[in-house]
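Working notes, structure below.
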2 protein chains.
Amino acid sequence: MTKTPIDLLQGTLDLLVLKTLSWGPAHGYSIAQWIEQLTGQVLQVGEGSLYPALHRLEERGWVEGEWRLSENNRRAKFYRLTSLGRSRLRTEAVTWERFVDAMAKVLRASEQPA
Amino acid sequence: MTKTPIDLLQGTLDLLVLKTLSWGPAHGYSIAQWIEQLTGQVLQVGEGSLYPALHRLEERGWVEGEWRLSENNRRAKFYRLTSLGRSRLRTEAVTWERFVDAMAKVLRASEQPA
DNA sequence: CCCGCATACATCGAATGTCGATGGGAGACA
DNA sequence: TGTCTCCCATCGACATTCGATGTATGCGGG
């Protein structure tokens, strides 16, 4: 039995995809699989979310796509991180950390502030 | 000098508000202030986000509003957590933790999975 | 040889929730 | 009286995710 999945929070998919691509080029289908596998199916990446995300990352110059053949001999679009994308990944990761910290400050507080 | 604020991720405001109200009843304006103060202005709660959130929480039975006078002698709607809201807060907090954990698994991974 | 399955990309409409702008009203204080 | 802060509220724009749906092709079993 797998744990119940959680809906993605808006804005986190880009970070997930950029991070995944930092390990090397990959096509959409495998990106989704890696994320689901790594999180024990807690995060699931629907195709209706993933492909728009990939296109938007490409449009912004953070990734570049190239048609190749997949490991299974199927036509697939491999994406790789650009240097712009690498820097974007860094800032998005930092922002995420800051956000998590800020949330924690509220969630761990036991009393209302003065 | 204050740190640059971060936009809220969609869905996190409800949790923030529920948690804030778990310290006791409060009106909208003060809820926003507490959150901003606790996070050192990292999270800022715009009124265009807060009031819709409050209304939606009330509609779902998680909070109840009552008109009273504020500490400054002004007309204000004080919200308090219902028992339904308290249980909702618990599940939302757990979900948030699970989400953060899942994100961390991807962000801390150094290599692609097998 | 054909059928079904997994792979792989893509698009669409619906739903949701945040943001910035805007507007009002009423107490406090000079 | 005028202005400040408090306090509520609504609006349209915007971005993103989701589920459904559609297409195509390689692979392996019967």
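Naming works like this for the structure tokens: A, B, ... for the chains as they're shown, residue 1 at the start of each chain, ligands 1 onward in shown order.
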DSSP helix (DSSP H, G or I) residues within range 1-113 of chain B, as a ChimeraX atom specification: /B:12-21,28-38,47-59,83-108
*Could you please write out, as a list in words, every residue of chain A that DSSP assigns to strand (DSSP E or B)?*
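For chain A, the strand (DSSP E or B) set is Ile6, Ala26, His27, Leu43, Val63, Glu64, Gly65, Glu66, Trp67, Arg68, Leu69, Arg75, Ala76, Lys77, Phe78, Tyr79, Arg80 and Leu81 of chain A.
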I'd like a table as a tab-separated table: residues in range 4-23 of chain D with an atom no more than 9 Å from range 9-30 of chain A, each row giving the shortest atom pair and its distance in Å to one decimal, only C-alpha atoms (C1' of nucleotides) counted, sorted by chain and rising residue number.
residue	atom	partner	partner_atom	distance
D:DA15	C1'	A:Gln10	CA	8.7
D:DT16	C1'	A:Gln10	CA	5.8
D:DT17	C1'	A:Gln10	CA	6.8
Output file for the residues above (C-alpha atoms (C1' of nucleotides), as an mmCIF file, in the first residue's frame):
data_model
loop_
_atom_site.group_PDB
_atom_site.id
_atom_site.type_symbol
_atom_site.label_atom_id
_atom_site.label_comp_id
_atom_site.auth_asym_id
_atom_site.auth_seq_id
_atom_site.Cartn_x
_atom_site.Cartn_y
_atom_site.Cartn_z
ATOM 1 C "C1'" DA D 15 -1.050 31.892 -12.703
ATOM 2 C "C1'" DT D 16 -1.091 27.230 -11.968
ATOM 3 C "C1'" DT D 17 -2.766 22.535 -11.071
#
Tell me, counting only C-alpha atoms, for each residue of chain A within 7 Å of chain B, which pair of atoms is nearest and how far apart they are in Å to one decimal, in rows ordered by chain and increasing number, as CSV.
residue,atom,partner,partner_atom,distance
A:Leu9,CA,B:Gln10,CA,6.1
A:Gln10,CA,B:Gln10,CA,5.6
A:Gly11,CA,B:Leu9,CA,7.0
A:Lys19,CA,B:Leu107,CA,6.5
A:Trp23,CA,B:Glu111,CA,5.9
A:Trp34,CA,B:Pro113,CA,6.4
A:Ile35,CA,B:Val106,CA,6.8
A:Leu38,CA,B:Val106,CA,6.4
A:Thr39,CA,B:Ala102,CA,5.2
A:Val42,CA,B:Ala102,CA,6.7
A:Leu43,CA,B:Ala102,CA,6.9
A:Ala102,CA,B:Thr39,CA,5.2
A:Lys105,CA,B:Thr39,CA,6.3
A:Val106,CA,B:Leu38,CA,6.4
A:Leu107,CA,B:Lys19,CA,6.5
A:Glu111,CA,B:Trp23,CA,5.9
A:Gln112,CA,B:Trp23,CA,6.0
A:Pro113,CA,B:Trp34,CA,6.4
>> At a cut-off of 7 Å, which residues of chain A touch chain D? Count only C-alpha atoms (C1' of nucleotides) and give the answer as a list in words.
In response: Gln10, Gly48, Ser49 and Arg74 of chain A
Using all C-alpha atoms paired in order, least-squares fit chain A onto chain B and give me the moved copy as a tab-separated table (two decimals) with N, CA and C atoms, in the first residue's frame.
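The resulting part.tsv:
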chain	number	residue	atom	x	y	z
A	1	MET	N	16.22	47.59	8.02
A	1	MET	CA	15.80	47.00	6.75
A	1	MET	C	15.18	45.64	6.99
A	2	THR	N	14.07	45.42	6.35
A	2	THR	CA	13.39	44.13	6.51
A	2	THR	C	13.71	43.22	5.32
A	3	LYS	N	13.65	41.94	5.59
A	3	LYS	CA	13.91	40.98	4.52
A	3	LYS	C	12.83	41.06	3.45
A	4	THR	N	13.23	40.74	2.26
A	4	THR	CA	12.25	40.77	1.18
A	4	THR	C	11.18	39.72	1.41
A	5	PRO	N	9.93	40.11	1.26
A	5	PRO	CA	8.81	39.21	1.50
A	5	PRO	C	8.71	38.14	0.41
A	6	ILE	N	8.01	37.09	0.74
A	6	ILE	CA	7.80	35.98	-0.19
A	6	ILE	C	6.31	35.83	-0.43
A	7	ASP	N	5.95	35.62	-1.67
A	7	ASP	CA	4.55	35.36	-1.97
A	7	ASP	C	4.11	34.05	-1.33
A	8	LEU	N	2.92	34.07	-0.80
A	8	LEU	CA	2.34	32.87	-0.21
A	8	LEU	C	2.15	31.80	-1.28
A	9	LEU	N	2.36	30.55	-0.89
A	9	LEU	CA	2.03	29.45	-1.79
A	9	LEU	C	0.57	29.12	-1.61
A	10	GLN	N	-0.07	28.92	-2.72
A	10	GLN	CA	-1.50	28.70	-2.69
A	10	GLN	C	-1.89	27.54	-1.80
A	11	GLY	N	-2.72	27.81	-0.82
A	11	GLY	CA	-3.19	26.76	0.05
A	11	GLY	C	-2.61	26.87	1.45
A	12	THR	N	-1.56	27.66	1.59
A	12	THR	CA	-0.91	27.74	2.89
A	12	THR	C	-1.55	28.80	3.80
A	13	LEU	N	-2.31	29.69	3.21
A	13	LEU	CA	-2.89	30.77	4.02
A	13	LEU	C	-3.91	30.22	5.01
A	14	ASP	N	-4.70	29.27	4.58
A	14	ASP	CA	-5.68	28.67	5.48
A	14	ASP	C	-5.01	28.09	6.72
A	15	LEU	N	-3.95	27.34	6.48
A	15	LEU	CA	-3.23	26.75	7.60
A	15	LEU	C	-2.68	27.81	8.54
A	16	LEU	N	-2.12	28.84	7.97
A	16	LEU	CA	-1.58	29.95	8.77
A	16	LEU	C	-2.66	30.58	9.63
A	17	VAL	N	-3.79	30.83	9.04
A	17	VAL	CA	-4.89	31.48	9.76
A	17	VAL	C	-5.44	30.56	10.86
A	18	LEU	N	-5.64	29.30	10.52
A	18	LEU	CA	-6.15	28.37	11.52
A	18	LEU	C	-5.21	28.28	12.71
A	19	LYS	N	-3.92	28.19	12.40
A	19	LYS	CA	-2.93	28.11	13.48
A	19	LYS	C	-2.96	29.36	14.34
A	20	THR	N	-3.04	30.49	13.70
A	20	THR	CA	-3.08	31.76	14.44
A	20	THR	C	-4.28	31.81	15.37
A	21	LEU	N	-5.40	31.34	14.87
A	21	LEU	CA	-6.62	31.38	15.69
A	21	LEU	C	-6.60	30.35	16.81
A	22	SER	N	-5.70	29.39	16.73
A	22	SER	CA	-5.62	28.38	17.79
A	22	SER	C	-5.08	29.00	19.08
A	23	TRP	N	-4.51	30.21	18.98
A	23	TRP	CA	-4.03	30.89	20.19
A	23	TRP	C	-5.15	31.65	20.87
A	24	GLY	N	-6.28	31.73	20.21
A	24	GLY	CA	-7.40	32.48	20.75
A	24	GLY	C	-8.05	33.30	19.66
A	25	PRO	N	-9.26	33.79	19.93
A	25	PRO	CA	-10.01	34.57	18.94
A	25	PRO	C	-9.24	35.82	18.52
A	26	ALA	N	-9.45	36.24	17.32
A	26	ALA	CA	-8.79	37.43	16.81
A	26	ALA	C	-9.55	37.97	15.61
A	27	HIS	N	-9.35	39.22	15.33
A	27	HIS	CA	-9.96	39.79	14.13
A	27	HIS	C	-8.92	39.83	13.01
A	28	GLY	N	-9.42	39.97	11.79
A	28	GLY	CA	-8.59	39.85	10.61
A	28	GLY	C	-7.31	40.67	10.63
A	29	TYR	N	-7.48	41.91	10.94
A	29	TYR	CA	-6.35	42.82	10.91
A	29	TYR	C	-5.21	42.34	11.82
A	30	SER	N	-5.55	41.86	12.99
A	30	SER	CA	-4.51	41.42	13.92
A	30	SER	C	-3.91	40.08	13.50
A	31	ILE	N	-4.71	39.25	12.85
A	31	ILE	CA	-4.18	37.99	12.35
A	31	ILE	C	-3.04	38.27	11.38
A	32	ALA	N	-3.31	39.18	10.47
A	32	ALA	CA	-2.28	39.53	9.49
A	32	ALA	C	-1.03	40.06	10.17
A	33	GLN	N	-1.23	40.90	11.16
A	33	GLN	CA	-0.09	41.48	11.87
A	33	GLN	C	0.73	40.43	12.60
A	34	TRP	N	0.04	39.52	13.25
A	34	TRP	CA	0.76	38.48	14.00
A	34	TRP	C	1.63	37.65	13.07
A	35	ILE	N	1.05	37.26	11.96
A	35	ILE	CA	1.81	36.43	11.02
A	35	ILE	C	3.02	37.17	10.50
A	36	GLU	N	2.83	38.43	10.14
A	36	GLU	CA	3.94	39.20	9.60
A	36	GLU	C	5.02	39.42	10.66
A	37	GLN	N	4.57	39.67	11.86
A	37	GLN	CA	5.52	39.92	12.93
A	37	GLN	C	6.31	38.66	13.27
A	38	LEU	N	5.62	37.54	13.37
A	38	LEU	CA	6.26	36.28	13.72
A	38	LEU	C	7.29	35.86	12.69
A	39	THR	N	7.03	36.15	11.45
A	39	THR	CA	7.93	35.72	10.39
A	39	THR	C	8.91	36.82	10.01
A	40	GLY	N	8.97	37.88	10.79
A	40	GLY	CA	9.89	38.96	10.48
A	40	GLY	C	9.61	39.57	9.12
A	41	GLN	N	8.33	39.72	8.81
A	41	GLN	CA	7.87	40.31	7.54
A	41	GLN	C	8.19	39.43	6.32
A	42	VAL	N	8.63	38.22	6.54
A	42	VAL	CA	8.87	37.36	5.38
A	42	VAL	C	7.55	36.98	4.73
A	43	LEU	N	6.60	36.60	5.52
A	43	LEU	CA	5.25	36.35	5.01
A	43	LEU	C	4.38	37.57	5.27
A	44	GLN	N	3.81	38.08	4.22
A	44	GLN	CA	2.91	39.21	4.36
A	44	GLN	C	1.54	38.82	3.86
A	45	VAL	N	0.54	39.22	4.62
A	45	VAL	CA	-0.82	38.79	4.31
A	45	VAL	C	-1.63	39.97	3.81
A	46	GLY	N	-1.80	40.04	2.52
A	46	GLY	CA	-2.59	41.12	1.94
A	46	GLY	C	-4.05	40.99	2.31
A	47	GLU	N	-4.73	42.11	2.38
A	47	GLU	CA	-6.13	42.10	2.79
A	47	GLU	C	-7.00	41.43	1.72
A	48	GLY	N	-6.56	41.56	0.49
A	48	GLY	CA	-7.29	40.93	-0.61
A	48	GLY	C	-7.18	39.41	-0.59
A	49	SER	N	-6.24	38.89	0.20
A	49	SER	CA	-6.14	37.44	0.37
A	49	SER	C	-6.80	37.01	1.67
A	50	LEU	N	-6.60	37.84	2.69
A	50	LEU	CA	-7.04	37.45	4.02
A	50	LEU	C	-8.56	37.36	4.16
A	51	TYR	N	-9.26	38.40	3.74
A	51	TYR	CA	-10.69	38.41	3.96
A	51	TYR	C	-11.42	37.32	3.19
A	52	PRO	N	-11.08	37.10	1.94
A	52	PRO	CA	-11.67	35.94	1.27
A	52	PRO	C	-11.38	34.64	2.02
A	53	ALA	N	-10.18	34.52	2.54
A	53	ALA	CA	-9.81	33.30	3.26
A	53	ALA	C	-10.68	33.13	4.51
A	54	LEU	N	-10.83	34.19	5.25
A	54	LEU	CA	-11.65	34.15	6.46
A	54	LEU	C	-13.10	33.75	6.13
A	55	HIS	N	-13.62	34.33	5.09
A	55	HIS	CA	-15.00	34.02	4.70
A	55	HIS	C	-15.14	32.56	4.29
A	56	ARG	N	-14.12	32.10	3.60
A	56	ARG	CA	-14.19	30.71	3.14
A	56	ARG	C	-14.05	29.75	4.32
A	57	LEU	N	-13.24	30.08	5.29
A	57	LEU	CA	-13.11	29.24	6.48
A	57	LEU	C	-14.42	29.23	7.27
A	58	GLU	N	-15.06	30.37	7.31
A	58	GLU	CA	-16.33	30.45	8.05
A	58	GLU	C	-17.40	29.63	7.34
A	59	GLU	N	-17.42	29.77	6.03
A	59	GLU	CA	-18.41	29.05	5.23
A	59	GLU	C	-18.27	27.54	5.42
A	60	ARG	N	-17.06	27.10	5.62
A	60	ARG	CA	-16.82	25.67	5.78
A	60	ARG	C	-16.97	25.20	7.22
A	61	GLY	N	-17.27	26.15	8.08
A	61	GLY	CA	-17.53	25.76	9.46
A	61	GLY	C	-16.30	25.58	10.30
A	62	TRP	N	-15.18	26.09	9.86
A	62	TRP	CA	-13.94	25.91	10.62
A	62	TRP	C	-13.70	27.06	11.58
A	63	VAL	N	-14.29	28.20	11.29
A	63	VAL	CA	-14.21	29.32	12.23
A	63	VAL	C	-15.60	29.96	12.33
A	64	GLU	N	-15.77	30.72	13.41
A	64	GLU	CA	-17.02	31.45	13.59
A	64	GLU	C	-16.71	32.90	13.91
A	65	GLY	N	-17.42	33.80	13.25
A	65	GLY	CA	-17.15	35.22	13.44
A	65	GLY	C	-18.21	35.88	14.32
A	66	GLU	N	-17.79	36.89	15.05
A	66	GLU	CA	-18.71	37.63	15.91
A	66	GLU	C	-18.24	39.07	15.99
A	67	TRP	N	-19.16	40.01	15.79
A	67	TRP	CA	-18.81	41.43	15.84
A	67	TRP	C	-18.61	41.86	17.28
A	68	ARG	N	-17.49	42.52	17.50
A	68	ARG	CA	-17.19	43.05	18.82
A	68	ARG	C	-16.43	44.36	18.67
A	69	LEU	N	-15.93	44.84	19.77
A	69	LEU	CA	-15.08	46.03	19.70
A	69	LEU	C	-13.63	45.61	19.88
A	70	SER	N	-12.76	46.14	19.07
A	70	SER	CA	-11.35	45.80	19.17
A	70	SER	C	-10.73	46.51	20.35
A	71	GLU	N	-9.46	46.21	20.59
A	71	GLU	CA	-8.71	46.85	21.67
A	71	GLU	C	-8.68	48.37	21.47
A	72	ASN	N	-8.82	48.80	20.24
A	72	ASN	CA	-8.78	50.23	19.93
A	72	ASN	C	-10.18	50.84	19.81
A	73	ASN	N	-11.12	50.09	20.33
A	73	ASN	CA	-12.49	50.61	20.35
A	73	ASN	C	-13.08	50.74	18.94
A	74	ARG	N	-12.65	49.88	18.09
A	74	ARG	CA	-13.22	49.90	16.74
A	74	ARG	C	-14.01	48.63	16.47
A	75	ARG	N	-15.01	48.77	15.65
A	75	ARG	CA	-15.85	47.65	15.25
A	75	ARG	C	-14.99	46.61	14.50
A	76	ALA	N	-15.02	45.40	15.00
A	76	ALA	CA	-14.18	44.38	14.38
A	76	ALA	C	-14.84	43.02	14.53
A	77	LYS	N	-14.56	42.15	13.57
A	77	LYS	CA	-15.16	40.82	13.58
A	77	LYS	C	-14.15	39.84	14.14
A	78	PHE	N	-14.44	39.32	15.32
A	78	PHE	CA	-13.54	38.37	15.96
A	78	PHE	C	-13.88	36.95	15.52
A	79	TYR	N	-12.86	36.24	15.09
A	79	TYR	CA	-13.06	34.85	14.68
A	79	TYR	C	-12.49	33.92	15.74
A	80	ARG	N	-13.21	32.82	15.93
A	80	ARG	CA	-12.67	31.80	16.82
A	80	ARG	C	-12.77	30.44	16.13
A	81	LEU	N	-11.85	29.57	16.48
A	81	LEU	CA	-11.80	28.23	15.91
A	81	LEU	C	-12.97	27.40	16.42
A	82	THR	N	-13.65	26.70	15.55
A	82	THR	CA	-14.63	25.72	15.99
A	82	THR	C	-13.90	24.40	16.25
A	83	SER	N	-14.62	23.42	16.78
A	83	SER	CA	-13.95	22.13	17.02
A	83	SER	C	-13.63	21.47	15.68
A	84	LEU	N	-14.49	21.72	14.72
A	84	LEU	CA	-14.23	21.25	13.36
A	84	LEU	C	-12.95	21.89	12.82
A	85	GLY	N	-12.81	23.16	13.12
A	85	GLY	CA	-11.63	23.88	12.65
A	85	GLY	C	-10.36	23.38	13.32
A	86	ARG	N	-10.50	23.00	14.57
A	86	ARG	CA	-9.35	22.49	15.30
A	86	ARG	C	-8.86	21.18	14.71
A	87	SER	N	-9.80	20.36	14.33
A	87	SER	CA	-9.41	19.08	13.73
A	87	SER	C	-8.86	19.32	12.32
A	88	ARG	N	-9.44	20.27	11.64
A	88	ARG	CA	-8.93	20.63	10.32
A	88	ARG	C	-7.49	21.13	10.40
A	89	LEU	N	-7.23	21.92	11.41
A	89	LEU	CA	-5.88	22.43	11.63
A	89	LEU	C	-4.88	21.29	11.77
A	90	ARG	N	-5.28	20.28	12.53
A	90	ARG	CA	-4.38	19.14	12.72
A	90	ARG	C	-4.07	18.45	11.39
A	91	THR	N	-5.09	18.17	10.61
A	91	THR	CA	-4.83	17.44	9.37
A	91	THR	C	-4.06	18.30	8.37
A	92	GLU	N	-4.34	19.61	8.37
A	92	GLU	CA	-3.60	20.47	7.43
A	92	GLU	C	-2.14	20.58	7.84
A	93	ALA	N	-1.90	20.58	9.14
A	93	ALA	CA	-0.52	20.67	9.62
A	93	ALA	C	0.25	19.41	9.24
A	94	VAL	N	-0.41	18.27	9.40
A	94	VAL	CA	0.23	17.01	9.05
A	94	VAL	C	0.54	16.96	7.56
A	95	THR	N	-0.42	17.36	6.76
A	95	THR	CA	-0.22	17.37	5.32
A	95	THR	C	0.94	18.27	4.93
A	96	TRP	N	1.02	19.42	5.57
A	96	TRP	CA	2.12	20.33	5.30
A	96	TRP	C	3.46	19.69	5.62
A	97	GLU	N	3.55	19.03	6.77
A	97	GLU	CA	4.79	18.37	7.15
A	97	GLU	C	5.18	17.31	6.12
A	98	ARG	N	4.20	16.54	5.71
A	98	ARG	CA	4.47	15.50	4.73
A	98	ARG	C	4.97	16.09	3.42
A	99	PHE	N	4.38	17.20	3.08
A	99	PHE	CA	4.77	17.86	1.84
A	99	PHE	C	6.21	18.37	1.92
A	100	VAL	N	6.52	19.00	3.03
A	100	VAL	CA	7.88	19.52	3.22
A	100	VAL	C	8.89	18.38	3.20
A	101	ASP	N	8.55	17.27	3.84
A	101	ASP	CA	9.43	16.11	3.84
A	101	ASP	C	9.67	15.60	2.42
A	102	ALA	N	8.60	15.51	1.67
A	102	ALA	CA	8.70	15.00	0.31
A	102	ALA	C	9.57	15.92	-0.54
A	103	MET	N	9.36	17.20	-0.41
A	103	MET	CA	10.18	18.17	-1.14
A	103	MET	C	11.64	17.98	-0.77
A	104	ALA	N	11.89	17.83	0.52
A	104	ALA	CA	13.27	17.69	0.99
A	104	ALA	C	13.94	16.47	0.39
A	105	LYS	N	13.17	15.42	0.20
A	105	LYS	CA	13.75	14.20	-0.37
A	105	LYS	C	14.28	14.45	-1.77
A	106	VAL	N	13.55	15.25	-2.51
A	106	VAL	CA	14.01	15.57	-3.87
A	106	VAL	C	15.15	16.58	-3.82
A	107	LEU	N	14.98	17.60	-3.01
A	107	LEU	CA	15.96	18.69	-3.00
A	107	LEU	C	17.31	18.26	-2.43
A	108	ARG	N	17.29	17.27	-1.55
A	108	ARG	CA	18.54	16.84	-0.94
A	108	ARG	C	19.20	15.70	-1.70
A	109	ALA	N	18.49	15.12	-2.64
A	109	ALA	CA	19.04	14.01	-3.41
A	109	ALA	C	20.19	14.52	-4.26
A	110	SER	N	21.25	13.74	-4.31
A	110	SER	CA	22.41	14.19	-5.07
A	110	SER	C	22.53	13.47	-6.41
A	111	GLU	N	21.78	12.41	-6.55
A	111	GLU	CA	21.83	11.68	-7.82
A	111	GLU	C	20.45	11.22	-8.22
A	112	GLN	N	20.34	10.92	-9.46
A	112	GLN	CA	19.07	10.41	-9.96
A	112	GLN	C	18.86	8.98	-9.49
A	113	PRO	N	17.63	8.61	-9.22
A	113	PRO	CA	17.33	7.26	-8.74
A	113	PRO	C	17.62	6.22	-9.82
A	114	ALA	N	17.76	4.99	-9.38
A	114	ALA	CA	18.03	3.89	-10.30
A	114	ALA	C	16.84	3.69	-11.23
Using only C-alpha atoms (C1' of nucleotides), select each residue of chain C with any atom at most 8 Å away from an atom of chain B, and give the selection as a list in words. DG17, DT18, DC19, DA26 and DG27 of chain C
How would the residues just chosen look if you wrote them out with N, CA and C atoms (P, O5', C5', C4', C3', O3' and C1' of nucleotides) as a compact mmCIF listing (two decimals), in the first residue's frame?
# COMPACT_ATOMS: atom_id res chain seq x y z
P DG C 17 -9.33 27.03 -2.59
O5' DG C 17 -8.16 28.10 -2.68
C5' DG C 17 -6.93 27.70 -3.26
C4' DG C 17 -6.09 28.91 -3.51
C3' DG C 17 -6.26 30.01 -2.46
O3' DG C 17 -4.96 30.37 -2.04
C1' DG C 17 -6.59 30.90 -4.63
P DT C 18 -4.66 31.43 -0.84
O5' DT C 18 -3.89 32.59 -1.62
C5' DT C 18 -2.72 32.25 -2.35
C4' DT C 18 -2.26 33.43 -3.19
C3' DT C 18 -2.15 34.74 -2.41
O3' DT C 18 -0.84 35.27 -2.60
C1' DT C 18 -3.44 35.04 -4.40
P DC C 19 -0.34 36.63 -1.94
O5' DC C 19 -0.66 37.69 -3.09
C5' DC C 19 -0.19 37.45 -4.41
C4' DC C 19 -0.48 38.66 -5.28
C3' DC C 19 -0.34 39.99 -4.56
O3' DC C 19 0.48 40.86 -5.32
C1' DC C 19 -2.50 39.81 -5.56
P DA C 26 -19.65 55.31 10.19
O5' DA C 26 -19.20 54.75 11.61
C5' DA C 26 -18.41 53.57 11.74
C4' DA C 26 -17.15 53.88 12.54
C3' DA C 26 -17.24 55.14 13.42
O3' DA C 26 -16.67 54.84 14.67
C1' DA C 26 -15.33 55.23 12.11
P DG C 27 -17.19 55.59 16.01
O5' DG C 27 -15.85 55.74 16.86
C5' DG C 27 -15.25 54.60 17.40
C4' DG C 27 -13.75 54.80 17.51
C3' DG C 27 -13.32 55.91 18.48
O3' DG C 27 -12.29 55.40 19.33
C1' DG C 27 -12.36 56.28 16.34
